[in-house]
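Q: A single structure is presented below for examination.
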Amino acid sequence: TYVVTDACIRCKYTDCAAVCPTDAFRQGPNMLVIDPDECTDDGTCVAECPVEAIFAEEDLPADKYEFIRLNSELASQWPAITQPQDALPDADKWNGVSGKRRYLKR
Ligand code: F3S
């Protein structure tokens, strides 16, 4: 399973969702997550993300383990996204900023 992490928050470029063969991405107000029940581990999304927000679960840095639970929990609440959309208006400003976990909107 692949996991979206805090680098996505306030960016949401959505290139990842456009390439997912199983439409596993779910969309919240300022982040996407991956539904672990739909992810087939093909990994195409990883290279598509301009901010490198997506990791294989086994490659997650220790300080991002929380996102395993968050992807699962939020995927059950948020709607699917299968087409690319415009990134959030300030996406480029937030690209590369660390510690964005506190900005997550549900
Ligand atoms: Fe987020 Fe990267 Fe996708 S910023 S929406 S994980 S392309």
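Residues are named by chain letter and number: chains run A, B, ... in the order of the structure tokens, numbers start at 1 in each chain, and ligands are numbered from 1 in the order shown.
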Can you pull out every residue within 8 Å of Lys64 (chain A), counting only C-alpha atoms, but drop anything in the same chain fewer than 4 positions away, and send it as number ranges by chain?
A: A: 5, 60, 68
Q: I'd like the neighbourhood of Thr1 (chain A) as a list in words, where a residue qualifies if any of its atoms comes within 8 Å (using only C-alpha atoms), though same-chain residues fewer than 3 positions away should be ignored.
A: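 Residues near the query, excluding close chain neighbours: Pro36, Cys39, Thr40, Asp41, Ala56 and Glu57 of chain A.
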Q: Could you give me, as a list in words, every polymer residue with an atom at most 6 Å away from an atom of ligand 1, counting only C-alpha atoms and all ligand atoms?
A: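 The residues within 6 Å of ligand 1, counting only C-alpha atoms and all ligand atoms, are Val4, Cys8, Cys11, Lys12, Tyr13, Thr14, Asp15, Cys16, Met31, Leu32, Glu48, Cys49, Pro50, Val51, Ala53 and Ile54 of chain A.
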Q: Just C-alpha atoms for this one: save the residues we selected as a CSV table (one decimal), in the first residue's frame.
A:
```csv
chain,number,residue,atom,x,y,z
A,4,VAL,CA,0.1,10.2,1.0
A,8,CYS,CA,0.6,17.1,-0.1
A,11,CYS,CA,-0.5,21.8,-2.5
A,12,LYS,CA,-2.8,19.0,-3.8
A,13,TYR,CA,-1.4,19.0,-7.3
A,14,THR,CA,-3.5,15.9,-8.2
A,15,ASP,CA,-1.2,14.5,-10.8
A,16,CYS,CA,-1.2,11.3,-8.7
A,31,MET,CA,-5.0,17.0,0.6
A,32,LEU,CA,-5.5,13.7,-1.1
A,48,GLU,CA,4.0,11.9,-10.6
A,49,CYS,CA,3.9,13.9,-7.4
A,50,PRO,CA,5.9,17.2,-7.7
A,51,VAL,CA,6.4,17.3,-3.9
A,53,ALA,CA,4.4,13.2,-0.9
A,54,ILE,CA,3.8,9.5,-1.7
```
Q: Using only C-alpha atoms, which of the listed residues (A:Asp23, A:Ala87, A:Gly28, A:Asp92) sits closest to Leu104 (chain A)?
A: A:Gly28
Q: Tell me, as a PyMOL selection string, which residues lie within 10 Å of Val33 (chain A), counting only C-alpha atoms; anything in the same chain fewer than 6 positions away does not count.
A: chain A and resi 2-5+8+17+24-27+54+67-68+70-76+78+80-81
Q: Expressed in Å to a single decimal, how great is the separation between CA of Val97 (chain A) and CA of Thr82 (chain A)?
A: 26.1 Å
Q: Which residues in chain A does DSSP call helix (DSSP H, G or I)? List them as number ranges by chain.
A: A: 6-8, 15-19, 44-48, 57-59, 62-64, 66-75, 91-94, 100-103
Q: Please provide the set of residues having any atom within 10 Å of Tyr103 (chain A), restricted to only C-alpha atoms, with same-chain residues fewer than 6 positions apart removed, written as an mmCIF file with N, CA and C atoms, in the first residue's frame.
A:
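Output file around.cif is given in full below:
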```cif
data_model
loop_
_atom_site.group_PDB
_atom_site.id
_atom_site.type_symbol
_atom_site.label_atom_id
_atom_site.label_comp_id
_atom_site.auth_asym_id
_atom_site.auth_seq_id
_atom_site.Cartn_x
_atom_site.Cartn_y
_atom_site.Cartn_z
ATOM 1 N N ASP A 6 2.211 14.465 4.592
ATOM 2 C CA ASP A 6 1.947 15.895 4.799
ATOM 3 C C ASP A 6 2.484 16.815 3.708
ATOM 4 N N ILE A 9 -0.241 18.474 1.757
ATOM 5 C CA ILE A 9 -1.157 19.452 2.373
ATOM 6 C C ILE A 9 -0.875 20.866 1.843
ATOM 7 N N ARG A 10 -1.927 21.548 1.470
ATOM 8 C CA ARG A 10 -1.882 22.912 0.915
ATOM 9 C C ARG A 10 -1.282 22.982 -0.490
ATOM 10 N N ASN A 30 -7.773 20.001 1.490
ATOM 11 C CA ASN A 30 -6.438 20.460 1.071
ATOM 12 C C ASN A 30 -5.409 19.346 0.955
ATOM 13 N N MET A 31 -5.899 18.144 0.744
ATOM 14 C CA MET A 31 -4.993 16.991 0.619
ATOM 15 C C MET A 31 -5.730 15.841 -0.047
#
```
Q: Could you work out how far CA of Pro79 (chain A) lies from CA of Pro21 (chain A), giving the answer in Å with one decimal?
A: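 For CA of Pro21 (chain A) relative to CA of Pro79 (chain A), the distance reads 16.7 Å.
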